[in-house]
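Enquirer: This is the structure I want to talk about, given as structure tokens.
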Amino acid sequence: MPAPLVRPRDHRMIAGVCAGLARRFGTTRTTMRVIFLVSCLLPGPQFLVYLALWLLLPSEGGRRSSESW
């Protein structure tokens, strides 16, 4: 069973999105970060997707409730 898609508390560089994606898809954090940086050279909304994931993905160990807002 794959790992849940969350932003881990450890090994974050900015928001933990790449680290969470790497854990979920079974790659290294460095590989996922390189893929993201290379994809930013291509046209498309990559940076906006990163920001959306930052806002939408729960932090590891945190609760998502109305109290956290």
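Chains: A, B, ... in order of the structure tokens. Residues: from 1 per chain. Ligands: from 1, in order shown.
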What lies within 9 Å of His11 of chain A using only C-alpha atoms, ignoring chain neighbours under 5 positions off, as a ChimeraX atom specification?

Expert: /A:16,19,29

Enquirer: Give me a file of those residues, with N, CA, C and O atoms, as a tab-separated table (two decimals), in the first residue's frame.

Expert:
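File selection_16.tsv, as written:
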chain	number	residue	atom	x	y	z
A	16	GLY	N	7.61	21.18	1.81
A	16	GLY	CA	7.52	19.74	1.96
A	16	GLY	C	6.71	19.06	0.87
A	16	GLY	O	6.45	17.87	0.96
A	19	ALA	N	8.95	16.53	-1.03
A	19	ALA	CA	9.26	15.41	-0.14
A	19	ALA	C	8.06	14.50	0.02
A	19	ALA	O	8.19	13.27	0.04
A	29	ARG	N	13.84	12.27	-2.54
A	29	ARG	CA	13.46	13.69	-2.49
A	29	ARG	C	14.22	14.50	-3.53
A	29	ARG	O	13.66	15.38	-4.18

Enquirer: Tell me, as a compact mmCIF listing (two decimals) with C-alpha atoms, in the first residue's frame, which residues lie within 6 Å of segment 32-49 of chain A, counting only C-alpha atoms; anything in the same chain fewer than 3 positions away does not count.

Expert:
# COMPACT_ATOMS: atom_id res chain seq x y z
CA CYS A 18 8.31 17.53 -3.16
CA ALA A 22 8.63 11.56 -3.38
CA ARG A 29 13.46 13.69 -2.49
CA ALA A 52 -2.06 24.63 -4.57

Enquirer: I need the helix (DSSP H, G or I) residues of chain A per DSSP on the backbone, written as a VMD selection string.

Expert: chain A and resid 17 to 25 29 to 39 46 to 56 66 to 68

Enquirer: From the options A:Thr27, A:Gly20, A:Leu51, A:Leu56, which residue's atoms come nearest to Arg7 of chain A, counting only C-alpha atoms?

Expert: A:Gly20

Enquirer: In Å to one decimal, how far is atom CA of Pro58 of chain A from atom CA of Arg23 of chain A?

Expert: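 Pair atom CA of Arg23 of chain A / atom CA of Pro58 of chain A returns 14.2 Å.
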
Enquirer: Figure out the distance between atom CA of Thr30 of chain A and atom CA of Pro2 of chain A, please, to one decimal in Å.

Expert: 19.1 Å

Enquirer: For Glu60 of chain A, which of A:Ile14, A:Leu21, A:Leu5, A:Gly26 is the closest residue, counting only C-alpha atoms?

Expert: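 Answer, going by the shortest atom-to-atom distance: A:Leu5.
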
Enquirer: What's around Val17 of chain A at 8 Å? Count only C-alpha atoms, leave out sequence neighbours fewer than 4 positions away in its own chain, and write the answer as a short mmCIF file (atom, residue, chain, number, x, y, z; two decimals) with all heavy atoms, in the first residue's frame.

Expert:
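What ended up in part.cif:
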data_model
loop_
_atom_site.label_atom_id
_atom_site.label_comp_id
_atom_site.auth_asym_id
_atom_site.auth_seq_id
_atom_site.Cartn_x
_atom_site.Cartn_y
_atom_site.Cartn_z
N VAL A 6 0.92 13.32 2.16
CA VAL A 6 0.98 14.38 3.16
C VAL A 6 2.33 15.07 3.05
O VAL A 6 3.27 14.53 2.49
CB VAL A 6 0.80 13.83 4.60
CG1 VAL A 6 -0.58 13.26 4.80
CG2 VAL A 6 1.86 12.81 4.94
N ARG A 7 2.41 16.28 3.60
CA ARG A 7 3.68 16.99 3.65
C ARG A 7 4.41 16.58 4.93
O ARG A 7 3.94 16.88 6.02
CB ARG A 7 3.45 18.50 3.63
CG ARG A 7 2.86 18.99 2.34
CD ARG A 7 2.65 20.50 2.30
NE ARG A 7 1.73 20.93 3.35
CZ ARG A 7 2.06 21.80 4.31
NH1 ARG A 7 3.24 22.32 4.38
NH2 ARG A 7 1.16 22.14 5.22
N ARG A 12 12.04 18.91 4.82
CA ARG A 12 11.40 19.96 4.03
C ARG A 12 12.46 20.94 3.54
O ARG A 12 13.40 21.24 4.24
CB ARG A 12 10.40 20.75 4.87
CG ARG A 12 9.15 20.02 5.21
CD ARG A 12 8.22 20.93 5.98
NE ARG A 12 6.94 20.29 6.20
CZ ARG A 12 5.92 20.89 6.75
NH1 ARG A 12 6.02 22.14 7.14
NH2 ARG A 12 4.79 20.25 6.91
N LEU A 21 5.54 14.15 -2.18
CA LEU A 21 5.33 13.46 -3.45
C LEU A 21 6.34 12.34 -3.65
O LEU A 21 6.01 11.27 -4.15
CB LEU A 21 5.40 14.46 -4.61
CG LEU A 21 4.24 15.44 -4.72
CD1 LEU A 21 4.54 16.48 -5.78
CD2 LEU A 21 2.95 14.72 -5.03
N TYR A 50 2.24 23.70 -7.50
CA TYR A 50 3.01 23.57 -6.26
C TYR A 50 2.35 24.37 -5.14
O TYR A 50 2.19 23.87 -4.02
CB TYR A 50 4.45 24.06 -6.48
CG TYR A 50 5.33 23.84 -5.28
CD1 TYR A 50 6.05 22.66 -5.13
CD2 TYR A 50 5.45 24.81 -4.29
CE1 TYR A 50 6.86 22.45 -4.04
CE2 TYR A 50 6.25 24.60 -3.18
CZ TYR A 50 6.96 23.43 -3.07
OH TYR A 50 7.74 23.22 -1.96
N LEU A 53 -0.81 22.60 -4.00
CA LEU A 53 -0.51 21.44 -3.17
C LEU A 53 -0.05 21.87 -1.78
O LEU A 53 -0.36 21.23 -0.78
CB LEU A 53 0.55 20.56 -3.84
CG LEU A 53 0.07 19.78 -5.05
CD1 LEU A 53 1.25 19.09 -5.73
CD2 LEU A 53 -0.98 18.77 -4.66
N TRP A 54 0.69 22.96 -1.70
CA TRP A 54 1.14 23.49 -0.42
C TRP A 54 -0.06 23.83 0.46
O TRP A 54 -0.09 23.55 1.65
CB TRP A 54 1.99 24.72 -0.66
CG TRP A 54 2.65 25.33 0.55
CD1 TRP A 54 2.48 25.01 1.85
CD2 TRP A 54 3.62 26.37 0.53
NE1 TRP A 54 3.27 25.79 2.65
CE2 TRP A 54 3.97 26.63 1.87
CE3 TRP A 54 4.20 27.11 -0.48
CZ2 TRP A 54 4.90 27.61 2.21
CZ3 TRP A 54 5.13 28.08 -0.13
CH2 TRP A 54 5.48 28.33 1.20
N LEU A 57 -2.52 20.04 0.73
CA LEU A 57 -2.02 18.82 1.38
C LEU A 57 -1.90 19.05 2.89
O LEU A 57 -1.34 20.04 3.32
CB LEU A 57 -0.65 18.42 0.82
CG LEU A 57 -0.61 17.87 -0.57
CD1 LEU A 57 0.82 17.52 -0.96
CD2 LEU A 57 -1.49 16.65 -0.69
#
